[in-house]
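Below is input34.cif, which holds mmCIF, C-alpha atoms and all ligand atoms.
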data_entry
#
loop_
_atom_site.label_atom_id
_atom_site.label_comp_id
_atom_site.auth_asym_id
_atom_site.auth_seq_id
_atom_site.Cartn_x
_atom_site.Cartn_y
_atom_site.Cartn_z
CA GLY A 1 0.00 0.00 0.00
CA LYS A 2 0.85 3.65 -0.35
CA ILE A 3 1.39 6.18 2.44
CA ILE A 4 0.26 9.76 2.50
CA TYR A 5 3.10 11.70 4.04
CA ASN A 6 2.51 15.43 4.42
CA GLY A 7 0.10 15.56 1.52
CA GLU A 8 2.20 13.43 -0.83
CA LEU A 9 1.61 9.85 -1.92
CA LYS A 10 4.72 7.77 -1.19
CA THR A 11 5.80 4.15 -0.93
CA ARG A 12 6.21 2.92 2.61
CA SER A 13 9.97 2.34 2.42
CA ASP A 14 10.46 5.96 1.33
CA VAL A 15 8.85 7.34 4.49
CA LYS A 16 11.30 7.83 7.35
CA VAL A 17 10.19 8.94 10.81
CA ASP A 18 12.61 11.32 12.50
CA ILE A 19 13.80 10.26 15.99
CA GLU A 20 12.85 13.74 17.19
CA ASP A 21 9.32 13.66 15.85
CA ARG A 22 7.21 14.80 18.82
CA GLY A 23 4.70 12.05 18.16
CA TYR A 24 7.46 9.47 18.52
CA GLN A 25 9.02 11.06 21.62
CA PHE A 26 5.99 12.38 23.52
CA GLY A 27 2.88 10.98 21.85
CA ASP A 28 2.33 14.67 21.02
CA GLY A 29 -0.29 14.22 18.33
CA ILE A 30 -3.71 12.92 17.42
CA TYR A 31 -5.20 10.25 15.16
CA GLU A 32 -8.32 8.83 13.52
CA VAL A 33 -9.43 5.42 12.30
CA ILE A 34 -12.00 5.45 9.52
CA ARG A 35 -13.81 2.42 8.09
CA VAL A 36 -14.08 1.69 4.39
CA TYR A 37 -16.86 -0.56 3.09
CA ASN A 38 -17.20 -1.46 -0.56
CA GLY A 39 -14.55 1.14 -1.41
CA GLU A 40 -16.61 3.92 0.23
CA VAL A 41 -15.71 5.81 3.41
CA PHE A 42 -18.16 5.46 6.33
CA ALA A 43 -18.97 8.70 8.23
CA SER A 44 -15.98 10.39 6.59
CA ASN A 45 -16.94 13.94 7.51
CA MET A 46 -17.63 13.11 11.17
CA HIS A 47 -14.21 11.48 11.55
CA VAL A 48 -12.25 14.26 9.87
CA ASN A 49 -14.12 16.88 11.88
CA ARG A 50 -13.28 15.00 15.08
CA LEU A 51 -9.61 15.02 14.00
CA MET A 52 -9.87 18.81 13.65
CA ASP A 53 -11.52 19.10 17.09
CA SER A 54 -8.78 16.98 18.67
CA ALA A 55 -6.15 19.16 16.96
CA LYS A 56 -7.75 22.33 18.32
CA MET A 57 -7.81 20.91 21.86
CA ILE A 58 -4.04 20.39 21.79
CA GLN A 59 -3.41 23.70 19.97
CA LEU A 60 -2.12 21.96 16.86
CA LYS A 61 -2.52 23.84 13.61
CA VAL A 62 -3.63 21.44 10.87
CA PRO A 63 -1.97 22.35 7.54
CA LEU A 64 -4.90 20.81 5.61
CA THR A 65 -8.64 21.54 5.41
CA VAL A 66 -11.38 18.97 6.08
CA ALA A 67 -12.08 18.80 2.33
CA GLU A 68 -8.37 18.32 1.54
CA ILE A 69 -8.03 15.48 4.05
CA GLU A 70 -11.20 13.80 2.74
CA ALA A 71 -9.85 14.07 -0.82
CA LEU A 72 -6.47 12.61 0.22
CA VAL A 73 -8.24 9.69 1.92
CA LYS A 74 -10.24 8.99 -1.24
CA GLU A 75 -7.08 9.17 -3.35
CA LEU A 76 -5.33 6.72 -1.03
CA ILE A 77 -8.25 4.25 -1.14
CA ALA A 78 -8.32 4.41 -4.93
CA GLU A 79 -4.53 4.01 -5.16
CA ASP A 80 -4.60 0.96 -2.86
CA LYS A 81 -7.78 -0.38 -4.54
CA LEU A 82 -9.15 -0.90 -1.01
CA ARG A 83 -12.62 -2.48 -0.86
CA ASN A 84 -13.04 -3.25 2.84
CA GLY A 85 -10.71 -1.98 5.51
CA ILE A 86 -9.63 1.02 7.50
CA VAL A 87 -7.72 4.23 6.96
CA TYR A 88 -5.41 5.14 9.83
CA MET A 89 -4.27 8.75 9.96
CA GLN A 90 -2.24 10.72 12.44
CA LEU A 91 -0.85 14.16 12.89
CA THR A 92 2.05 15.02 15.18
CA ARG A 93 3.35 18.40 16.26
CA GLY A 94 6.38 17.85 14.05
CA VAL A 95 10.12 17.55 14.38
CA CYS A 96 12.32 19.70 16.62
CA SER A 97 15.05 19.39 19.27
CA ARG A 98 13.52 17.58 22.27
CA THR A 99 11.93 19.85 24.82
CA HIS A 100 8.54 19.48 26.52
CA ALA A 101 7.06 22.86 25.59
CA PHE A 102 5.84 23.55 22.05
CA PRO A 103 8.58 24.39 19.51
CA ILE A 104 9.46 28.11 19.64
CA ASN A 105 9.99 28.38 15.92
CA GLU A 106 7.01 27.21 13.93
CA VAL A 107 7.48 23.64 12.67
CA GLU A 108 5.29 21.83 10.18
CA PRO A 109 3.07 19.13 11.72
CA VAL A 110 3.68 15.65 10.29
CA PHE A 111 0.61 14.06 8.70
CA VAL A 112 0.57 10.35 7.85
CA ALA A 113 -2.22 8.13 6.51
CA TYR A 114 -2.35 4.56 5.26
CA THR A 115 -4.89 1.81 4.67
CA LYS A 116 -5.26 -1.70 6.05
CA GLU A 117 -7.61 -4.41 4.88
CA MET A 118 -10.37 -5.56 7.22
CA PRO A 119 -13.04 -7.96 6.02
CA TYR A 120 -16.72 -7.06 6.20
CA THR A 121 -19.09 -10.00 6.26
CA GLY A 122 -22.28 -8.07 6.91
CA LYS A 123 -23.16 -10.78 9.40
CA VAL A 124 -24.36 -9.95 12.90
CA LYS A 125 -21.48 -10.33 15.37
CA PRO A 126 -21.92 -12.85 18.19
CA GLY A 127 -21.50 -11.80 21.83
CA VAL A 128 -18.09 -11.32 23.42
CA LYS A 129 -16.61 -11.28 26.93
CA GLY A 130 -15.54 -8.23 28.92
CA VAL A 131 -13.50 -7.58 32.03
CA THR A 132 -13.87 -4.56 34.32
CA THR A 133 -10.85 -2.43 35.11
CA ASP A 134 -10.02 0.86 36.84
CA ASP A 135 -9.89 3.81 34.46
CA ILE A 136 -6.37 5.06 35.16
CA ARG A 137 -6.28 7.53 32.26
CA TRP A 138 -5.96 11.32 32.29
CA LEU A 139 -8.93 13.68 32.34
CA ARG A 140 -8.95 14.64 28.65
CA CYS A 141 -10.20 11.36 27.17
CA ASN A 142 -12.33 13.36 24.70
CA ILE A 143 -9.13 14.07 22.74
CA LYS A 144 -8.20 11.27 20.33
CA SER A 145 -4.58 11.56 21.42
CA LEU A 146 -1.65 9.33 20.45
CA ASN A 147 -0.99 8.83 24.17
CA LEU A 148 -2.67 5.44 24.60
CA LEU A 149 -0.70 3.85 27.45
CA GLY A 150 -3.72 3.71 29.78
CA ASN A 151 -5.82 2.15 27.02
CA ILE A 152 -3.02 -0.30 26.15
CA LEU A 153 -2.63 -1.46 29.76
CA ALA A 154 -6.40 -1.95 29.99
CA LYS A 155 -6.60 -3.94 26.73
CA GLN A 156 -3.66 -6.10 27.80
CA GLN A 157 -5.57 -6.93 31.00
CA ALA A 158 -8.52 -8.03 28.85
CA VAL A 159 -6.28 -10.23 26.69
CA GLU A 160 -4.71 -11.82 29.77
CA ALA A 161 -8.21 -12.57 31.09
CA SER A 162 -9.12 -14.13 27.69
CA CYS A 163 -11.63 -11.33 27.11
CA ASP A 164 -12.31 -9.13 24.09
CA GLU A 165 -12.56 -5.78 25.83
CA ALA A 166 -11.70 -4.03 29.09
CA ILE A 167 -14.59 -2.01 30.52
CA GLN A 168 -13.13 0.92 32.41
CA HIS A 169 -14.75 2.60 35.42
CA ARG A 170 -13.92 5.72 37.40
CA ASP A 171 -15.39 6.31 40.88
CA GLY A 172 -17.70 3.31 40.37
CA LYS A 173 -19.13 4.64 37.09
CA VAL A 174 -18.45 2.93 33.77
CA THR A 175 -16.69 5.33 31.38
CA GLU A 176 -15.85 3.37 28.21
CA GLY A 177 -13.94 0.44 26.78
CA SER A 178 -10.18 0.56 26.10
CA SER A 179 -10.94 1.28 22.43
CA SER A 180 -14.74 1.47 22.37
CA ASN A 181 -17.83 2.96 23.99
CA VAL A 182 -20.12 0.91 26.23
CA ALA A 183 -23.92 1.02 26.60
CA ILE A 184 -26.46 -0.94 28.62
CA MET A 185 -30.12 -1.67 28.12
CA VAL A 186 -32.44 -1.43 31.11
CA ASN A 187 -36.22 -1.83 30.73
CA GLY A 188 -36.01 -0.99 27.02
CA THR A 189 -33.95 2.20 27.48
CA LEU A 190 -30.37 2.44 26.28
CA LYS A 191 -27.99 4.13 28.69
CA THR A 192 -24.49 5.35 27.85
CA HIS A 193 -21.96 7.70 29.43
CA PRO A 194 -22.48 11.32 28.34
CA ALA A 195 -19.94 12.81 25.92
CA THR A 196 -17.83 14.57 28.56
CA ASN A 197 -14.04 14.83 29.01
CA LEU A 198 -14.12 11.31 30.51
CA ILE A 199 -14.79 9.48 27.22
CA LEU A 200 -14.02 9.68 23.53
CA ASN A 201 -17.28 10.56 21.79
CA GLY A 202 -17.25 7.62 19.40
CA ILE A 203 -18.55 8.13 15.88
CA THR A 204 -20.18 4.67 16.08
CA ARG A 205 -21.77 5.77 19.39
CA GLN A 206 -23.11 8.93 17.72
CA VAL A 207 -24.46 7.01 14.71
CA MET A 208 -26.07 4.47 17.04
CA LEU A 209 -27.78 7.19 19.12
CA LYS A 210 -29.11 8.75 15.90
CA LEU A 211 -30.46 5.32 14.90
CA CYS A 212 -32.13 5.06 18.33
CA ALA A 213 -33.74 8.47 17.87
CA ASP A 214 -34.94 7.63 14.35
CA ASN A 215 -36.34 4.24 15.36
CA ASP A 216 -38.10 5.05 18.64
CA ILE A 217 -35.55 3.30 20.84
CA PRO A 218 -35.42 5.42 24.01
CA TYR A 219 -31.95 6.40 25.23
CA VAL A 220 -30.33 8.50 27.93
CA GLU A 221 -26.78 9.83 28.07
CA GLU A 222 -26.15 9.11 31.75
CA ALA A 223 -23.30 7.36 33.51
CA PHE A 224 -24.16 3.99 35.06
CA THR A 225 -22.43 1.99 37.79
CA VAL A 226 -20.66 -1.34 37.40
CA GLU A 227 -23.47 -2.90 39.51
CA GLU A 228 -26.13 -1.51 37.15
CA MET A 229 -24.23 -2.95 34.20
CA MET A 230 -23.92 -6.40 35.77
CA ALA A 231 -27.69 -6.43 36.38
CA ALA A 232 -28.62 -4.93 32.98
CA ASP A 233 -30.83 -6.67 30.42
CA GLU A 234 -28.21 -6.16 27.70
CA VAL A 235 -24.69 -4.76 27.39
CA LEU A 236 -23.07 -3.71 24.12
CA TYR A 237 -19.98 -1.92 22.90
CA THR A 238 -19.32 0.14 19.80
CA SER A 239 -16.36 1.25 17.72
CA THR A 240 -15.30 1.74 14.14
CA SER A 241 -13.87 -1.78 14.05
CA VAL A 242 -16.43 -3.73 16.16
CA GLU A 243 -19.46 -1.70 14.96
CA VAL A 244 -22.26 -2.68 17.42
CA THR A 245 -21.39 -5.86 19.32
CA PRO A 246 -23.09 -7.52 22.31
CA ILE A 247 -21.14 -8.18 25.52
CA ILE A 248 -22.66 -11.32 27.04
CA ASN A 249 -20.28 -12.06 29.90
CA ILE A 250 -18.37 -9.70 32.24
CA ASP A 251 -15.82 -10.77 34.85
CA GLY A 252 -16.91 -14.37 34.26
CA GLN A 253 -20.57 -13.62 34.97
CA SER A 254 -23.31 -13.91 32.34
CA ILE A 255 -25.29 -10.79 31.46
CA ALA A 256 -28.99 -11.75 31.71
CA ASN A 257 -29.26 -15.21 30.09
CA GLY A 258 -25.82 -14.93 28.46
CA GLU A 259 -27.22 -14.45 24.93
CA PRO A 260 -27.23 -11.30 22.74
CA GLY A 261 -30.36 -9.31 23.61
CA PRO A 262 -33.16 -8.29 21.23
CA ILE A 263 -32.49 -4.52 21.21
CA THR A 264 -28.77 -5.03 20.62
CA LYS A 265 -29.69 -7.30 17.71
CA SER A 266 -32.04 -4.64 16.28
CA LEU A 267 -29.29 -2.03 16.61
CA GLN A 268 -26.85 -4.33 14.82
CA LYS A 269 -29.35 -4.69 11.99
CA LEU A 270 -30.01 -0.95 11.85
CA PHE A 271 -26.27 -0.29 11.82
CA SER A 272 -25.67 -2.64 8.89
CA GLU A 273 -28.52 -0.92 7.03
CA GLU A 274 -26.76 2.40 7.68
CA ILE A 275 -23.55 0.93 6.22
CA GLU A 276 -25.54 -0.16 3.20
CA ARG A 277 -27.11 3.30 2.91
CA GLN A 278 -23.77 5.15 3.11
CA CYS A 279 -21.50 2.70 1.30
CA GLY A 280 -23.77 0.35 -0.63
CA ALA A 281 -22.14 -2.60 1.15
N1 LIG B 1 -13.30 5.13 22.98
C1 LIG B 1 -11.98 4.94 22.78
C2 LIG B 1 -11.05 5.12 23.91
C3 LIG B 1 -11.52 4.59 21.49
O1 LIG B 1 -10.21 4.42 21.27
C4 LIG B 1 -12.46 4.40 20.44
C5 LIG B 1 -12.05 4.02 19.07
O2 LIG B 1 -10.98 3.58 18.82
C6 LIG B 1 -13.81 4.58 20.72
C7 LIG B 1 -14.20 4.97 22.00
C8 LIG B 1 -14.86 4.39 19.64
O3 LIG B 1 -14.82 5.44 18.73
P1 LIG B 1 -15.32 5.27 17.22
O4 LIG B 1 -16.72 4.72 17.28
O5 LIG B 1 -15.28 6.64 16.66
O6 LIG B 1 -14.38 4.32 16.55
#
Using the file provided, produce a representation of the structure as structure tokens.
Amino acid sequence: GKIIYNGELKTRSDVKVDIEDRGYQFGDGIYEVIRVYNGEVFASNMHVNRLMDSAKMIQLKVPLTVAEIEALVKELIAEDKLRNGIVYMQLTRGVCSRTHAFPINEVEPVFVAYTKEMPYTGKVKPGVKGVTTDDIRWLRCNIKSLNLLGNILAKQQAVEASCDEAIQHRDGKVTEGSSSNVAIMVNGTLKTHPATNLILNGITRQVMLKLCADNDIPYVEEAFTVEEMMAADEVLYTSTSVEVTPIINIDGQSIANGEPGPITKSLQKLFSEEIERQCGA
């Protein structure tokens, strides 16, 4: 595949990362992961706008416009002849002699994007297992920052417990997964953490809430406790890569009867119809 490096299409071996790139040394940058179905970008504008919002929150000046980034992404997909997969993109504060504060002299941010294949079956995903873990991250989780150590340590805990996702909680309240958002269903109402500084406002989460609104599925954006989640009728998680997926077991305990619930299944169906609508997949 090709790489977009600062607005230019290059081959991977021609792209060299500088040892004093601030992304490499400090995680001083931001990123996005965008899904491609049937050669078409899903929720392209929402993702690129979130990249811009993240940039603003770390005072990073993006050298490209939303339209320019969207065009580059399309060019990359065409170049790679990608049908189903993801586009990963990141932007770092650039290269300068190592010092914590921002560079004094203006340096050009470094923008990189590349694609990766990921199959899309269109089939409803079966339920997975989760494990609860303390949310040890900083208080700006709304920024899609390259600093992912907290998320990495949480996901590793899930892997070591033979689970698919770590469900993080802060002060007894569930925040989000290590790389996903979490929602529960109680008496027919979907509940999910509000889009505050404590979570990343997932694009999949936002699309799902819109689908709830359009299809008379009641929802509230309210934090819930670990106890509420364990006693919920249904638990699900969402992200660009897992779409809408049921969580049927947490910390070794079944959620309800241990099968994917009916509302989660409807949301999975609605989500695949939305993919079809946007991408014809
Ligand atoms: N929360 C975190 C911490 C994430 O890393 C991600 C995605 O990777 C999400 C939520 C889900 O976001 P999206 O639906 O935009 O992929």
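Across A:Pro109, A:Gly127, A:Pro119, A:Gly23, the tightest approach to Thr264 of chain A is made by A:Gly127 when counting all atoms listed in the file.
Neighbouring residues of segment 225-227 of chain A at 7 Å or closer, counting only C-alpha atoms and skipping chain neighbours under 6 positions away, are Gly172, Lys173 and Val174 of chain A.
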Could you take the residues named above and write them with C-alpha atoms, as a tab-separated table (two decimals), in the frame of the given file?
chain	number	residue	atom	x	y	z
A	172	GLY	CA	-17.70	3.31	40.37
A	173	LYS	CA	-19.13	4.64	37.09
A	174	VAL	CA	-18.45	2.93	33.77
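Proximity ranking of A:Gly1, A:Pro262, A:Gly177, A:Gly188 relative to ligand LIG 1 (chain B) places A:Gly177 first, based on only C-alpha atoms and all ligand atoms.
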Please identify the residues whose atoms come within 6 Å of ligand LIG 1 (chain B), using all atoms listed in the file, and report them as a PDB file with C-alpha atoms, in the frame of the given file.
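In the end it all went to selection_12.pdb:
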ATOM      1  CA  SER A 178     -10.180   0.560  26.100  1.00  0.00           C
ATOM      2  CA  SER A 179     -10.940   1.280  22.430  1.00  0.00           C
ATOM      3  CA  SER A 180     -14.740   1.470  22.370  1.00  0.00           C
ATOM      4  CA  ASN A 181     -17.830   2.960  23.990  1.00  0.00           C
ATOM      5  CA  LEU A 200     -14.020   9.680  23.530  1.00  0.00           C
ATOM      6  CA  GLY A 202     -17.250   7.620  19.400  1.00  0.00           C
ATOM      7  CA  ILE A 203     -18.550   8.130  15.880  1.00  0.00           C
ATOM      8  CA  THR A 204     -20.180   4.670  16.080  1.00  0.00           C
ATOM      9  CA  ARG A 205     -21.770   5.770  19.390  1.00  0.00           C
ATOM     10  CA  THR A 238     -19.320   0.140  19.800  1.00  0.00           C
ATOM     11  CA  SER A 239     -16.360   1.250  17.720  1.00  0.00           C
ATOM     12  CA  THR A 240     -15.300   1.740  14.140  1.00  0.00           C
TER      13      THR A 240
END
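Summary of the local environment: counting all atoms listed in the file, residues at most 9 Å from segment 134-141 of chain A, other than itself and those fewer than 6 positions away along its chain, are Leu148, Leu149, Gly150, Asn151, Ala154, Ile167, Gln168, His169, Arg170, Asp171, Gly172, Val174, Thr175, Glu176, Ser178, Thr196, Asn197, Leu198, Ile199, Leu200 and Asn201 of chain A.
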For the point (-15.8, 4.0, 4.2) in file coordinates, what residues are within 9 Å, counting all atoms listed in the file? Give the answer as a list of chain:residue names?
A:Ile34, A:Arg35, A:Val36, A:Tyr37, A:Asn38, A:Gly39, A:Glu40, A:Val41, A:Phe42, A:Ala43, A:Ser44, A:Arg83, A:Asn84, A:Gly85, A:Ile86, A:Val87, A:Ile275, A:Gln278, A:Cys279
Starting from the sparse input, extend segment 1-36 of chain A to N, CA and C atoms and give the output as a tab-separated table (two decimals), in the coordinates of the input.
chain	number	residue	atom	x	y	z
A	1	GLY	N	0.81	-1.22	0.00
A	1	GLY	CA	0.00	0.00	0.00
A	1	GLY	C	0.83	1.27	0.00
A	2	LYS	N	0.18	2.34	-0.34
A	2	LYS	CA	0.85	3.65	-0.35
A	2	LYS	C	0.67	4.35	0.99
A	3	ILE	N	1.47	5.37	1.21
A	3	ILE	CA	1.39	6.18	2.44
A	3	ILE	C	1.19	7.63	2.02
A	4	ILE	N	0.29	8.32	2.69
A	4	ILE	CA	0.26	9.76	2.50
A	4	ILE	C	1.16	10.35	3.56
A	5	TYR	N	2.17	11.09	3.12
A	5	TYR	CA	3.10	11.70	4.04
A	5	TYR	C	3.13	13.19	3.73
A	6	ASN	N	2.60	13.98	4.64
A	6	ASN	CA	2.51	15.43	4.42
A	6	ASN	C	1.94	15.80	3.06
A	7	GLY	N	0.81	15.18	2.73
A	7	GLY	CA	0.10	15.56	1.52
A	7	GLY	C	0.60	14.90	0.25
A	8	GLU	N	1.67	14.10	0.37
A	8	GLU	CA	2.20	13.43	-0.83
A	8	GLU	C	2.03	11.92	-0.73
A	9	LEU	N	1.73	11.30	-1.85
A	9	LEU	CA	1.61	9.85	-1.92
A	9	LEU	C	3.00	9.24	-2.06
A	10	LYS	N	3.37	8.36	-1.14
A	10	LYS	CA	4.72	7.77	-1.19
A	10	LYS	C	4.64	6.27	-0.98
A	11	THR	N	5.73	5.57	-1.30
A	11	THR	CA	5.80	4.15	-0.93
A	11	THR	C	6.35	4.07	0.48
A	12	ARG	N	5.92	3.02	1.18
A	12	ARG	CA	6.21	2.92	2.61
A	12	ARG	C	7.71	3.04	2.92
A	13	SER	N	8.53	2.35	2.13
A	13	SER	CA	9.97	2.34	2.42
A	13	SER	C	10.61	3.71	2.21
A	14	ASP	N	9.92	4.62	1.54
A	14	ASP	CA	10.46	5.96	1.33
A	14	ASP	C	10.11	6.92	2.48
A	15	VAL	N	9.24	6.47	3.37
A	15	VAL	CA	8.85	7.34	4.49
A	15	VAL	C	9.73	7.01	5.69
A	16	LYS	N	10.43	8.02	6.19
A	16	LYS	CA	11.30	7.83	7.35
A	16	LYS	C	10.81	8.74	8.47
A	17	VAL	N	10.61	8.15	9.65
A	17	VAL	CA	10.19	8.94	10.81
A	17	VAL	C	11.44	9.44	11.53
A	18	ASP	N	11.48	10.72	11.80
A	18	ASP	CA	12.61	11.32	12.50
A	18	ASP	C	12.59	10.92	13.98
A	19	ILE	N	13.76	10.65	14.56
A	19	ILE	CA	13.80	10.26	15.99
A	19	ILE	C	13.35	11.40	16.89
A	20	GLU	N	13.34	12.63	16.38
A	20	GLU	CA	12.85	13.74	17.19
A	20	GLU	C	11.47	14.24	16.74
A	21	ASP	N	10.73	13.34	16.11
A	21	ASP	CA	9.32	13.66	15.85
A	21	ASP	C	8.62	13.64	17.22
A	22	ARG	N	7.85	14.68	17.49
A	22	ARG	CA	7.21	14.80	18.82
A	22	ARG	C	6.16	13.73	19.07
A	23	GLY	N	5.63	13.15	17.99
A	23	GLY	CA	4.70	12.05	18.16
A	23	GLY	C	5.45	10.84	18.70
A	24	TYR	N	6.61	10.60	18.14
A	24	TYR	CA	7.46	9.47	18.52
A	24	TYR	C	7.98	9.64	19.94
A	25	GLN	N	8.42	10.85	20.30
A	25	GLN	CA	9.02	11.06	21.62
A	25	GLN	C	8.02	11.28	22.75
A	26	PHE	N	6.93	12.00	22.45
A	26	PHE	CA	5.99	12.38	23.52
A	26	PHE	C	4.57	11.85	23.32
A	27	GLY	N	4.29	11.27	22.18
A	27	GLY	CA	2.88	10.98	21.85
A	27	GLY	C	2.15	12.29	21.62
A	28	ASP	N	2.90	13.32	21.20
A	28	ASP	CA	2.33	14.67	21.02
A	28	ASP	C	1.65	14.75	19.65
A	29	GLY	N	0.45	14.20	19.60
A	29	GLY	CA	-0.29	14.22	18.33
A	29	GLY	C	-1.64	13.55	18.51
A	30	ILE	N	-2.34	13.43	17.42
A	30	ILE	CA	-3.71	12.92	17.42
A	30	ILE	C	-3.90	11.98	16.23
A	31	TYR	N	-4.99	11.21	16.25
A	31	TYR	CA	-5.20	10.25	15.16
A	31	TYR	C	-6.67	10.00	14.92
A	32	GLU	N	-6.96	9.28	13.85
A	32	GLU	CA	-8.32	8.83	13.52
A	32	GLU	C	-8.24	7.46	12.86
A	33	VAL	N	-9.28	6.68	13.03
A	33	VAL	CA	-9.43	5.42	12.30
A	33	VAL	C	-10.79	5.48	11.61
A	34	ILE	N	-10.77	5.33	10.31
A	34	ILE	CA	-12.00	5.45	9.52
A	34	ILE	C	-12.24	4.15	8.77
A	35	ARG	N	-13.49	3.71	8.74
A	35	ARG	CA	-13.81	2.42	8.09
A	35	ARG	C	-14.18	2.64	6.63
A	36	VAL	N	-13.74	1.69	5.81
A	36	VAL	CA	-14.08	1.69	4.39
A	36	VAL	C	-14.86	0.42	4.08
